[in-house]
Each structure stands twice: as C-alpha cells, then as structure tokens.
$ cat run.cif   # mmCIF, C-alpha atoms
data_start
loop_
_atom_site.label_atom_id
_atom_site.label_comp_id
_atom_site.auth_asym_id
_atom_site.auth_seq_id
_atom_site.Cartn_x
_atom_site.Cartn_y
_atom_site.Cartn_z
CA MET A 13 73.05 13.43 -127.97
CA LEU A 14 73.13 14.56 -124.28
CA SER A 15 74.55 12.34 -121.64
CA PRO A 16 73.90 12.45 -117.85
CA GLY A 17 75.69 15.38 -116.28
CA ASP A 18 75.76 17.59 -119.41
CA VAL A 19 74.45 21.15 -119.08
CA ILE A 20 72.52 23.12 -121.68
CA GLU A 21 73.00 26.93 -121.54
CA VAL A 22 70.32 29.00 -123.23
CA GLY A 23 70.30 32.77 -123.51
CA SER A 24 71.88 35.64 -125.30
CA GLY A 25 72.85 38.63 -123.25
CA GLY A 26 70.18 37.81 -120.65
CA PRO A 27 69.65 35.33 -117.86
CA ILE A 28 71.06 31.92 -118.55
CA LEU A 29 68.88 28.91 -117.77
CA ARG A 30 70.89 25.82 -116.94
CA VAL A 31 69.08 22.50 -117.16
CA ARG A 32 70.31 19.13 -115.95
CA PRO A 33 68.61 16.57 -118.17
CA GLU A 34 69.31 13.67 -115.82
CA THR A 35 67.62 15.34 -112.83
CA GLN A 36 64.75 17.12 -114.61
CA PRO A 37 63.06 14.82 -117.09
CA LEU A 38 60.22 16.19 -119.13
CA GLY A 39 56.95 16.37 -117.25
CA ARG A 40 58.47 16.00 -113.73
CA TYR A 41 58.73 18.53 -110.91
CA LYS A 42 61.94 19.86 -109.43
CA THR A 43 62.83 19.42 -105.78
CA LEU A 44 63.24 22.54 -103.69
CA SER A 45 67.01 22.17 -103.60
CA GLN A 46 67.15 21.78 -107.41
CA ALA A 47 65.03 24.87 -107.89
CA MET A 48 67.28 26.86 -105.56
CA GLU A 49 70.44 25.62 -107.31
CA ASP A 50 69.04 26.63 -110.70
CA CYS A 51 68.17 30.10 -109.41
CA VAL A 52 71.66 30.52 -107.94
CA ASP A 53 73.26 29.45 -111.20
CA CYS A 54 70.98 31.79 -113.12
CA ALA A 55 71.92 34.70 -110.88
CA ARG A 56 75.65 33.86 -111.05
CA HIS A 57 75.72 33.84 -114.86
CA GLY A 58 73.06 36.46 -115.44
CA SER A 59 74.89 39.44 -113.94
CA GLN A 60 78.40 40.47 -112.98
CA THR A 61 77.33 42.75 -110.10
CA LEU A 62 76.10 41.80 -106.66
CA ALA A 63 73.02 44.01 -107.00
CA GLY A 64 72.10 42.42 -110.28
CA ARG A 65 72.47 38.91 -108.94
CA ALA A 66 70.32 39.83 -105.91
CA ARG A 67 67.62 41.23 -108.22
CA ILE A 68 67.65 38.05 -110.32
CA LEU A 69 67.36 35.91 -107.19
CA ALA A 70 64.54 38.04 -105.77
CA THR A 71 62.47 37.70 -108.91
CA GLY A 72 63.55 34.25 -109.99
CA VAL A 73 63.24 32.28 -106.76
CA PRO A 74 59.46 32.78 -106.31
CA GLN A 75 58.81 32.05 -109.98
CA GLU A 76 60.98 28.94 -109.96
CA ILE A 77 59.42 27.59 -106.76
CA PHE A 78 55.79 28.21 -107.72
CA ARG A 79 56.23 26.91 -111.29
CA GLN A 80 58.65 24.03 -111.04
CA THR A 81 58.16 22.45 -107.55
CA ARG A 82 55.48 20.09 -106.38
CA PRO A 83 52.17 21.53 -105.08
CA VAL A 84 52.87 20.05 -101.66
CA VAL A 85 56.15 21.98 -101.43
CA ARG A 86 54.39 25.15 -102.57
CA GLY A 87 51.69 24.71 -99.92
CA LEU A 88 54.28 24.11 -97.23
CA ILE A 89 56.20 27.24 -98.17
CA ILE A 90 53.02 29.29 -98.19
CA GLY A 91 52.12 27.92 -94.73
CA VAL A 92 55.55 28.80 -93.34
CA PHE A 93 55.29 32.26 -94.82
CA LEU A 94 51.84 32.84 -93.34
CA PHE A 95 52.88 31.53 -89.91
CA SER A 96 55.91 33.81 -89.91
CA ALA A 97 53.81 36.76 -90.96
CA VAL A 98 51.24 36.11 -88.22
CA THR A 99 53.98 35.69 -85.59
CA ILE A 100 55.67 38.92 -86.59
CA LEU A 101 52.35 40.75 -86.58
CA SER A 102 51.52 39.41 -83.09
CA LEU A 103 54.90 40.52 -81.76
CA VAL A 104 54.42 43.98 -83.24
CA LEU A 105 50.95 44.30 -81.69
CA TYR A 106 52.20 43.06 -78.29
CA ALA A 107 55.07 45.55 -78.37
CA ARG A 108 52.63 48.31 -79.21
CA ARG A 109 50.31 47.40 -76.31
CA LEU A 110 53.30 47.25 -73.97
CA GLU A 111 54.38 50.70 -75.07
CA LEU A 112 50.87 52.03 -74.41
CA ARG A 113 50.82 50.51 -70.90
CA ILE A 114 54.22 52.00 -70.14
CA ASP A 115 52.95 55.39 -71.26
CA VAL A 116 49.86 55.08 -69.03
CA GLU A 117 51.91 54.05 -65.99
CA ALA A 118 54.35 56.88 -66.64
CA GLN A 119 51.49 59.40 -66.72
CA ARG A 120 50.03 57.94 -63.51
CA LEU A 121 53.42 58.16 -61.77
CA ALA A 122 53.80 61.73 -62.91
CA THR A 123 50.35 62.55 -61.48
CA ILE A 124 51.24 60.99 -58.11
CA GLU A 125 54.56 62.84 -57.98
CA ALA A 126 52.79 66.09 -58.73
CA ALA A 127 50.23 65.46 -55.95
CA VAL A 128 52.97 64.62 -53.44
CA GLN A 129 54.91 67.70 -54.39
CA ALA A 130 51.79 69.84 -54.03
CA ALA A 131 51.10 68.35 -50.60
CA ARG A 132 54.65 69.06 -49.49
CA GLU A 133 54.45 72.62 -50.69
CA GLY A 134 51.06 73.15 -49.02
CA LEU A 135 52.10 71.67 -45.64
CA GLU A 136 53.33 74.38 -43.31
CA ASP A 137 55.65 74.02 -40.33
CA ALA A 138 52.73 74.37 -37.92
CA ASP A 139 50.96 71.44 -39.56
CA LEU A 140 54.09 69.35 -39.26
CA SER A 141 54.32 70.15 -35.57
CA ASP A 142 50.70 69.13 -34.99
CA GLU A 143 51.15 65.87 -36.85
CA LEU A 144 54.32 65.11 -34.87
CA ALA A 145 52.59 65.87 -31.57
CA GLN A 146 49.68 63.55 -32.43
CA LEU A 147 52.08 60.80 -33.42
CA GLN A 148 54.02 61.12 -30.16
CA ALA A 149 50.79 61.05 -28.16
CA GLY A 150 49.65 57.88 -29.94
CA LEU A 151 53.01 56.21 -29.34
CA SER A 152 52.91 57.14 -25.66
CA GLU A 153 49.46 55.58 -25.29
CA ARG A 154 50.60 52.37 -26.96
CA ILE A 155 53.70 52.17 -24.77
CA GLU A 156 51.59 52.68 -21.64
CA ALA A 157 49.18 49.98 -22.82
CA LEU A 158 52.07 47.56 -23.34
CA GLU A 159 53.46 48.38 -19.91
CA ASP A 160 50.03 47.79 -18.36
CA ARG A 161 49.79 44.42 -20.09
CA GLY A 162 53.22 43.45 -18.79
CA GLY A 163 52.29 44.58 -15.28
CA ALA A 164 48.99 42.71 -15.49
CA ALA A 165 50.80 39.50 -16.40
CA GLN A 166 53.13 39.93 -13.45
CA ARG A 167 50.21 40.54 -11.10
CA VAL A 168 48.36 37.48 -12.41
CA VAL A 169 51.39 35.24 -11.95
CA SER A 170 52.15 36.69 -8.52
CA GLU A 171 48.59 36.24 -7.23
CA ALA A 172 47.52 33.04 -8.98
CA GLY A 173 50.87 31.30 -8.60
CA ARG A 174 50.28 30.85 -4.86
CA SER A 175 47.16 28.77 -5.67
CA VAL A 176 48.90 26.37 -8.07
CA VAL A 177 49.46 22.98 -6.42
CA PHE A 178 52.22 20.60 -7.40
CA LEU A 179 50.84 17.05 -7.40
CA GLN A 180 53.03 14.02 -6.84
CA GLY A 181 51.30 10.65 -7.05
CA SER A 182 51.64 6.96 -7.66
CA TYR A 183 49.35 4.02 -8.16
CA THR A 184 49.63 0.27 -7.73
CA LEU A 185 47.50 -2.52 -9.15
CA ARG A 186 45.83 -5.20 -7.02
CA ASP A 187 44.30 -8.58 -7.75
CA PRO A 188 40.49 -8.24 -7.47
CA ASP A 189 40.14 -11.75 -6.01
CA GLY A 190 42.81 -11.99 -3.34
CA ASP A 191 43.55 -8.25 -3.00
CA MET A 192 47.23 -9.05 -3.53
CA PRO A 193 49.44 -6.36 -5.08
CA LEU A 194 50.97 -6.83 -8.47
CA ARG A 195 54.75 -7.28 -8.07
CA MET A 196 57.80 -7.17 -10.29
CA VAL A 197 59.32 -10.46 -11.40
CA LEU A 198 63.05 -10.66 -10.60
CA ASP A 199 65.63 -12.60 -12.60
CA ASN A 200 68.46 -14.71 -11.20
CA SER A 201 70.58 -11.63 -10.51
CA GLY A 202 67.81 -9.96 -8.51
CA ARG A 203 66.98 -7.37 -11.16
CA PRO A 204 63.52 -6.78 -12.72
CA ALA A 205 62.97 -9.19 -15.58
CA ILE A 206 62.14 -7.62 -18.94
CA GLY A 207 59.64 -9.19 -21.31
CA PRO A 208 59.87 -9.47 -25.10
CA SER A 209 58.04 -6.16 -25.55
CA GLY A 210 60.62 -4.32 -23.43
CA ALA A 211 58.25 -3.83 -20.47
CA PRO A 212 59.02 -5.27 -17.01
CA LEU A 213 57.42 -8.62 -16.21
CA VAL A 214 54.87 -8.53 -13.36
CA SER A 215 53.03 -11.20 -11.41
CA VAL A 216 50.79 -11.47 -8.37
CA GLY A 217 53.15 -14.05 -6.91
CA GLY A 218 56.31 -12.20 -7.79
CA SER A 219 59.08 -11.77 -5.23
CA GLY A 220 60.06 -8.26 -6.30
CA PRO A 221 58.77 -4.87 -5.17
CA GLU A 222 55.23 -3.77 -5.92
CA TYR A 223 54.53 -2.61 -9.45
CA GLU A 224 54.20 1.17 -8.98
CA ASN A 225 53.72 3.95 -11.51
CA ARG A 226 54.66 7.46 -10.41
CA PHE A 227 53.47 10.70 -11.95
CA THR A 228 53.37 14.45 -11.38
CA GLY A 229 50.86 17.13 -12.31
CA SER A 230 49.28 20.46 -11.44
CA ALA A 231 46.09 21.46 -9.61
CA PHE A 232 44.44 24.71 -8.57
CA VAL A 233 42.85 25.61 -5.23
CA VAL A 234 39.30 26.77 -6.07
CA ARG A 235 37.71 26.52 -2.62
CA ALA A 236 38.69 25.48 0.87
CA ALA A 237 39.92 21.86 0.69
CA LEU A 238 38.88 21.57 -3.01
CA LEU A 239 41.17 21.49 -6.02
CA VAL A 240 40.66 21.23 -9.79
CA THR A 241 43.01 19.30 -12.08
CA ASN A 242 42.91 17.34 -15.32
CA ARG A 243 41.32 13.92 -15.66
CA HIS A 244 44.52 12.54 -17.16
CA VAL A 245 46.32 13.59 -13.94
CA ALA A 246 43.72 12.21 -11.54
CA LEU A 247 43.27 8.94 -13.49
CA PRO A 248 46.71 8.37 -15.04
CA TRP A 249 46.20 4.64 -15.71
CA GLU A 250 43.62 5.50 -18.39
CA PHE A 251 46.45 6.94 -20.47
CA ASP A 252 48.98 4.13 -19.86
CA PRO A 253 48.61 1.29 -22.43
CA ALA A 254 50.35 -1.26 -20.17
CA ALA A 255 48.13 -0.37 -17.22
CA ARG A 256 44.99 -0.49 -19.39
CA ASP A 257 45.82 -4.05 -20.43
CA LEU A 258 46.12 -5.08 -16.77
CA LEU A 259 42.89 -3.31 -15.88
CA ASN A 260 41.14 -5.21 -18.67
CA GLN A 261 42.30 -8.39 -16.93
CA GLY A 262 40.48 -7.38 -13.76
CA PHE A 263 43.16 -5.61 -11.74
CA ARG A 264 42.08 -2.48 -9.89
CA PRO A 265 44.20 0.64 -9.28
CA GLU A 266 45.04 2.02 -5.86
CA LEU A 267 45.91 5.73 -5.99
CA GLN A 268 47.96 7.91 -3.63
CA MET A 269 48.58 11.62 -4.18
CA LEU A 270 50.40 14.37 -2.28
CA GLY A 271 50.07 18.10 -2.88
CA TYR A 272 52.54 20.95 -2.35
CA LEU A 273 51.91 24.69 -2.32
CA PRO A 274 54.56 27.38 -2.76
CA GLY A 275 55.48 28.96 0.57
CA ILE A 276 53.86 26.18 2.63
CA GLU A 277 56.16 23.58 4.13
CA GLY A 278 55.29 19.92 4.00
CA PRO A 279 52.89 17.99 1.77
CA PHE A 280 49.19 17.29 2.22
CA THR A 281 47.23 14.25 1.06
CA VAL A 282 44.88 14.57 -1.92
CA GLU A 283 42.09 12.23 -3.04
CA LEU A 284 39.85 12.06 -6.06
CA VAL A 285 36.25 13.24 -5.69
CA ARG A 286 34.93 13.04 -9.26
CA ALA A 287 36.23 13.12 -12.83
CA SER A 288 34.33 14.52 -15.78
CA THR A 289 33.29 12.14 -18.53
CA THR A 290 33.03 14.87 -21.18
CA SER A 291 36.00 17.16 -20.40
CA ASP A 292 39.58 16.65 -19.25
CA LEU A 293 38.73 17.87 -15.74
CA ALA A 294 38.64 16.31 -12.28
CA LEU A 295 37.77 17.50 -8.75
CA LEU A 296 40.11 16.67 -5.83
CA ARG A 297 39.78 17.06 -2.06
CA SER A 298 42.37 17.53 0.68
CA GLU A 299 41.32 17.35 4.33
CA ASN A 300 44.71 18.42 5.73
CA MET A 301 45.50 21.20 3.23
CA PRO A 302 46.29 24.45 5.09
CA GLN A 303 43.14 26.45 5.73
CA ASP A 304 44.83 29.69 4.71
CA ALA A 305 45.74 28.36 1.27
CA PRO A 306 44.96 31.11 -1.26
CA VAL A 307 42.04 30.46 -3.60
CA ILE A 308 42.39 31.22 -7.28
CA THR A 309 39.82 33.60 -8.77
CA LEU A 310 37.67 32.04 -11.47
CA GLY A 311 36.01 33.92 -14.32
CA ASP A 312 32.24 34.03 -14.70
CA SER A 313 32.34 33.68 -18.53
CA SER A 314 34.35 32.02 -21.25
CA PRO A 315 37.22 34.06 -22.72
CA ALA A 316 36.67 35.69 -26.08
CA LEU A 317 38.54 34.60 -29.17
CA GLY A 318 41.97 36.24 -29.21
CA THR A 319 42.13 36.89 -25.46
CA GLU A 320 45.65 36.77 -24.03
CA VAL A 321 46.21 33.61 -21.95
CA ILE A 322 48.79 32.96 -19.23
CA VAL A 323 49.54 29.29 -18.55
CA LEU A 324 50.53 28.29 -15.01
CA GLY A 325 51.52 24.86 -13.77
CA TYR A 326 54.36 22.37 -13.35
CA PRO A 327 54.84 20.79 -16.79
CA THR A 328 58.42 19.79 -15.94
CA GLY A 329 57.44 18.08 -12.69
CA ILE A 330 59.48 18.26 -9.54
CA THR A 331 62.35 20.16 -11.19
CA ALA A 332 60.20 23.28 -11.57
CA LEU A 333 58.97 23.03 -7.98
CA ILE A 334 62.47 22.74 -6.51
CA ALA A 335 63.49 25.80 -8.54
CA ARG A 336 60.80 27.85 -6.74
CA THR A 337 60.75 26.43 -3.23
CA SER A 338 62.87 26.70 -0.12
CA ALA A 339 65.56 24.27 1.01
CA THR A 340 63.27 22.90 3.76
CA MET A 341 60.50 22.05 1.32
CA ALA A 342 62.99 20.53 -1.14
CA ASP A 343 64.28 18.25 1.65
CA SER A 344 60.69 17.26 2.46
CA LEU A 345 60.04 16.40 -1.20
CA ILE A 346 63.15 14.26 -1.37
CA ARG A 347 62.23 12.39 1.82
CA THR A 348 58.67 11.67 0.74
CA SER A 349 59.52 10.75 -2.86
CA GLY A 350 62.64 8.75 -2.17
#

$ encode --input "run.cif" --output "structure tokens"
Amino acid sequence: MLSPGDVIEVGSGGPILRVRPETQPLGRYKTLSQAMEDCVDCARHGSQTLAGRARILATGVPQEIFRQTRPVVRGLIIGVFLFSAVTILSLVLYARRLELRIDVEAQRLATIEAAVQAAREGLEDADLSDELAQLQAGLSERIEALEDRGGAAQRVVSEAGRSVVFLQGSYTLRDPDGDMPLRMVLDNSGRPAIGPSGAPLVSVGGSGPEYENRFTGSAFVVRAALLVTNRHVALPWEFDPAARDLLNQGFRPELQMLGYLPGIEGPFTVELVRASTTSDLALLRSENMPQDAPVITLGDSSPALGTEVIVLGYPTGITALIARTSATMADSLIRTSG
C-alpha cells in the first residue's frame, strides 16, 4: 500500500520513471513544473554521463509536456515558441537588409572616391590657375559691392540727416465751456495729489500748474515750410489713455510744437495741417523754418520686398539731438524746454 510521498521506480537498465502518487492521480494532468521535475529525475537516473542526461532531457521534455500537461499549457508553449521563432526570423531578415544597404553605400562611396581621384588626376596646373583667378575676381567684385553699399549708406545718412527735424511738443487740455485750462490738484504740502489709480489728480478749479503732457518725435522736410511726421506724434493725446478719458468728457487739446534742424541754431514753431485717417502719417507746416533748410528726396515708387532700409530719426528724444548738435543749440534747447 503506497502512502503520500512514496516513489515508484520502474525500469531495468533504461530510463527510470519516477511517479509521485499523491501529485499525479490517475486520469489527471501534470503541471508544467511537475513534468519538468520528472524529466530531470529521469535524466539524472537514466545516465551517468552529462551527454546522456542531455540527450534524455532533449527527447523526454517535449514528450512529457505534450503528453502529460494540460492542453492550455501546451498551446501556451507552442505560442511562445512560434513568437520566438518569428522574432528571431525578423531580426535575421533585418540584419540581412542592413548588410545589403551597407554594401550598396560602400559601393557608392567607392564610386565617388574614384571620380574625385580621376578629377584630381585630370586637372592640370593651368586649370588650377584659371579657377583660382576666377575665384579671386569674383571675391573682388563682392568686396567692391559691399564697399559700395557701405558708402551708399554713409551718403544717405549724410545727405538725408540734414532734413530730419527733431520735434519737441506739449499739449494742455481746456474746458470747452469756460475755456479754462485743466490744472493739477495740490495736496496740503503743495505737491501734486495722486489718485487711487496712481495718476495725478486734475481739476478745472485746481490751484496747481496747468496739466501739460510733453513729447518728442521726428519729422522730415519734404518741401519749403512743409514737414511729414507720424500721426501718433502730431496727435499724441490719441495714444494716451488718461488724455482720451478727459477728451471723452469734453475737454479739448491745445498743441504747441517746436522743431530743430541739425546745423541750424534756434527752434522754429510747427503746427498741424492734416493727419491721415488711414495711415500713421501727418503733414506739418512751419512759417519761420529757415528757407535754406534741405529737402529730403522722396522716391517715386514703393520699395521692393527685401530692399535695404536705413532708419533715421530721434527715437531717444532730446538725448540723441544733444549728442549731434553744438553747444549753442544745446543751450537753446535747455532754455526753451526748461
């Protein structure tokens, strides 16, 4: 009578089959681990040499798995085997294609090297001299063109710069009913009072100085007594949110502008003639501008896309003008601007 854990050994001079009655009842399948253990035991007792045990395992494992394990386990093993086989085959094919591409690129490189070598051998010293002479000639032309462009820029700045006007202006706001100027509101210490928004408080009946906004800009002399500038320079209150709010309340602006030209001492008064409603342009007039003021040359067509552009003006305000002008004109600017 066998008890759990006993082992039955069957065989005479051949492979020994070891069966565990408690884990392999009649009519039931083995698990994969049980099948592998039985095959290992069979190989261990079936031969004394390593080669013999390996041969027993190689032949016994497939038989044991496909006879004694569940169909699900068999199907899973077959699927793993097929997936591995397909993966290995794909890697082999990819390696083969890669080798073929390397061979093609190597042949192409060899062809290019041969062509270069043939060109070097076929190029004589005279040909090299001609090529070098042509290259030097082309470089000389490009250098001359660059020098001409640099000289052209200098000429443009030298000629047009005398027609660039520095504008210095200010505007106040007046009550449309009583024509009274808008003034700053002073606090108890005599300083301008600041509102909650951070802007100075203003009032028609204020005791402080007039509310005045100062600005600077650039203009260009295009004809005797006529200048062209930007609309945002000629009508600065349109671009000041605080001033726009006051204008919406009925206040009207009162503009004053002075113009300065390089090399001409003293300012001249400038007034607005008309501002464009479609472009950022405005036309100014000055009755006391010097008659000999140079006029800038205007083009008769629009520039083409990619044309080189030189920008002239006074974007930094009075600082740029003082850097270019004489001491007499700088003193005049300081006196007129305070």

$ atom_distance --input "run.cif" --atom1 "CA of Asn300 (chain A)" --atom2 "CA of Arg235 (chain A)"
13.6 Å

$ residues_around --input "run.cif" --residues "Leu44 (chain A)" --least-positions-apart "5" --cutoff "8 Å" --atoms "all atoms listed in the file" --output "PyMOL selection string"
chain A and resi 77+81+85

$ atom_distance --input "run.cif" --atom1 "CA of Asp189 (chain A)" --atom2 "CA of Gln268 (chain A)"
21.3 Å

$ atom_distance --input "run.cif" --atom1 "CA of Gly278 (chain A)" --atom2 "CA of Val245 (chain A)"
21.0 Å

$ residues_near_point --input "run.cif" --point "(54.7, -1.1, -4.6)" --cutoff "10 Å" --atoms "only C-alpha atoms" --output "list in words"
Ser182, Tyr183, Thr184, Leu185, Pro193, Leu194, Arg195, Met196, Gly220, Pro221, Glu222, Tyr223, Glu224 and Asn225 of chain A

$ decode --input "run.cif" --residues "region 304-315 of chain A" --atoms "all heavy atoms" --output "PDB file, in the first residue's frame"
ATOM      1  N   ASP A 304      16.468 127.956 -46.279  1.00  0.00           N
ATOM      2  CA  ASP A 304      17.500 127.116 -46.890  1.00  0.00           C
ATOM      3  C   ASP A 304      17.561 125.723 -46.262  1.00  0.00           C
ATOM      4  O   ASP A 304      18.542 124.995 -46.445  1.00  0.00           O
ATOM      5  CB  ASP A 304      18.863 127.794 -46.762  1.00  0.00           C
ATOM      6  CG  ASP A 304      19.222 128.091 -45.309  1.00  0.00           C
ATOM      7  OD1 ASP A 304      18.329 127.981 -44.441  1.00  0.00           O
ATOM      8  OD2 ASP A 304      20.386 128.434 -45.039  1.00  0.00           O
ATOM      9  N   ALA A 305      16.532 125.354 -45.535  1.00  0.00           N
ATOM     10  CA  ALA A 305      16.513 124.008 -44.943  1.00  0.00           C
ATOM     11  C   ALA A 305      16.530 122.963 -46.052  1.00  0.00           C
ATOM     12  O   ALA A 305      15.721 123.034 -46.992  1.00  0.00           O
ATOM     13  CB  ALA A 305      15.276 123.843 -44.070  1.00  0.00           C
ATOM     14  N   PRO A 306      17.416 121.981 -45.992  1.00  0.00           N
ATOM     15  CA  PRO A 306      17.498 120.978 -47.057  1.00  0.00           C
ATOM     16  C   PRO A 306      16.248 120.109 -47.088  1.00  0.00           C
ATOM     17  O   PRO A 306      15.681 119.766 -46.050  1.00  0.00           O
ATOM     18  CB  PRO A 306      18.739 120.154 -46.685  1.00  0.00           C
ATOM     19  CG  PRO A 306      18.917 120.366 -45.223  1.00  0.00           C
ATOM     20  CD  PRO A 306      18.417 121.751 -44.925  1.00  0.00           C
ATOM     21  N   VAL A 307      15.832 119.779 -48.306  1.00  0.00           N
ATOM     22  CA  VAL A 307      14.632 118.960 -48.517  1.00  0.00           C
ATOM     23  C   VAL A 307      15.054 117.521 -48.787  1.00  0.00           C
ATOM     24  O   VAL A 307      15.962 117.275 -49.582  1.00  0.00           O
ATOM     25  CB  VAL A 307      13.806 119.505 -49.694  1.00  0.00           C
ATOM     26  CG1 VAL A 307      12.609 118.606 -49.963  1.00  0.00           C
ATOM     27  CG2 VAL A 307      13.364 120.927 -49.404  1.00  0.00           C
ATOM     28  N   ILE A 308      14.401 116.593 -48.130  1.00  0.00           N
ATOM     29  CA  ILE A 308      14.731 115.188 -48.338  1.00  0.00           C
ATOM     30  C   ILE A 308      14.152 114.717 -49.672  1.00  0.00           C
ATOM     31  O   ILE A 308      13.085 115.170 -50.106  1.00  0.00           O
ATOM     32  CB  ILE A 308      14.187 114.327 -47.169  1.00  0.00           C
ATOM     33  CG1 ILE A 308      14.850 112.948 -47.173  1.00  0.00           C
ATOM     34  CG2 ILE A 308      12.672 114.183 -47.239  1.00  0.00           C
ATOM     35  CD1 ILE A 308      14.563 112.140 -45.927  1.00  0.00           C
ATOM     36  N   THR A 309      14.875 113.844 -50.343  1.00  0.00           N
ATOM     37  CA  THR A 309      14.435 113.323 -51.642  1.00  0.00           C
ATOM     38  C   THR A 309      13.517 112.125 -51.422  1.00  0.00           C
ATOM     39  O   THR A 309      13.878 111.173 -50.733  1.00  0.00           O
ATOM     40  CB  THR A 309      15.639 112.899 -52.485  1.00  0.00           C
ATOM     41  OG1 THR A 309      16.515 114.027 -52.656  1.00  0.00           O
ATOM     42  CG2 THR A 309      15.192 112.410 -53.858  1.00  0.00           C
ATOM     43  N   LEU A 310      12.343 112.191 -52.037  1.00  0.00           N
ATOM     44  CA  LEU A 310      11.374 111.117 -51.900  1.00  0.00           C
ATOM     45  C   LEU A 310      11.401 110.217 -53.130  1.00  0.00           C
ATOM     46  O   LEU A 310      11.651 110.680 -54.249  1.00  0.00           O
ATOM     47  CB  LEU A 310       9.958 111.684 -51.719  1.00  0.00           C
ATOM     48  CG  LEU A 310       9.740 112.571 -50.488  1.00  0.00           C
ATOM     49  CD1 LEU A 310       8.305 113.079 -50.463  1.00  0.00           C
ATOM     50  CD2 LEU A 310      10.058 111.807 -49.213  1.00  0.00           C
ATOM     51  N   GLY A 311      11.121 108.937 -52.931  1.00  0.00           N
ATOM     52  CA  GLY A 311      11.080 108.001 -54.044  1.00  0.00           C
ATOM     53  C   GLY A 311       9.759 108.105 -54.792  1.00  0.00           C
ATOM     54  O   GLY A 311       8.748 108.550 -54.249  1.00  0.00           O
ATOM     55  N   ASP A 312       9.772 107.701 -56.056  1.00  0.00           N
ATOM     56  CA  ASP A 312       8.562 107.757 -56.868  1.00  0.00           C
ATOM     57  C   ASP A 312       7.832 106.415 -56.923  1.00  0.00           C
ATOM     58  O   ASP A 312       6.846 106.272 -57.641  1.00  0.00           O
ATOM     59  CB  ASP A 312       8.902 108.207 -58.291  1.00  0.00           C
ATOM     60  CG  ASP A 312       9.976 107.336 -58.917  1.00  0.00           C
ATOM     61  OD1 ASP A 312      10.424 106.365 -58.263  1.00  0.00           O
ATOM     62  OD2 ASP A 312      10.376 107.634 -60.057  1.00  0.00           O
ATOM     63  N   SER A 313       8.318 105.406 -56.144  1.00  0.00           N
ATOM     64  CA  SER A 313       7.657 104.091 -56.122  1.00  0.00           C
ATOM     65  C   SER A 313       7.939 103.435 -54.779  1.00  0.00           C
ATOM     66  O   SER A 313       8.861 103.818 -54.063  1.00  0.00           O
ATOM     67  CB  SER A 313       8.158 103.204 -57.277  1.00  0.00           C
ATOM     68  OG  SER A 313       9.544 102.960 -57.156  1.00  0.00           O
ATOM     69  N   SER A 314       7.127 102.430 -54.479  1.00  0.00           N
ATOM     70  CA  SER A 314       7.315 101.708 -53.220  1.00  0.00           C
ATOM     71  C   SER A 314       8.533 100.795 -53.323  1.00  0.00           C
ATOM     72  O   SER A 314       8.818 100.259 -54.394  1.00  0.00           O
ATOM     73  CB  SER A 314       6.073 100.885 -52.890  1.00  0.00           C
ATOM     74  OG  SER A 314       4.939 101.724 -52.755  1.00  0.00           O
ATOM     75  N   PRO A 315       9.264 100.615 -52.226  1.00  0.00           N
ATOM     76  CA  PRO A 315      10.427  99.722 -52.281  1.00  0.00           C
ATOM     77  C   PRO A 315      10.015  98.279 -52.469  1.00  0.00           C
ATOM     78  O   PRO A 315       8.941  97.865 -52.032  1.00  0.00           O
ATOM     79  CB  PRO A 315      11.094  99.935 -50.911  1.00  0.00           C
ATOM     80  CG  PRO A 315       9.997 100.412 -50.024  1.00  0.00           C
ATOM     81  CD  PRO A 315       9.082 101.208 -50.898  1.00  0.00           C
TER      82      PRO A 315
END
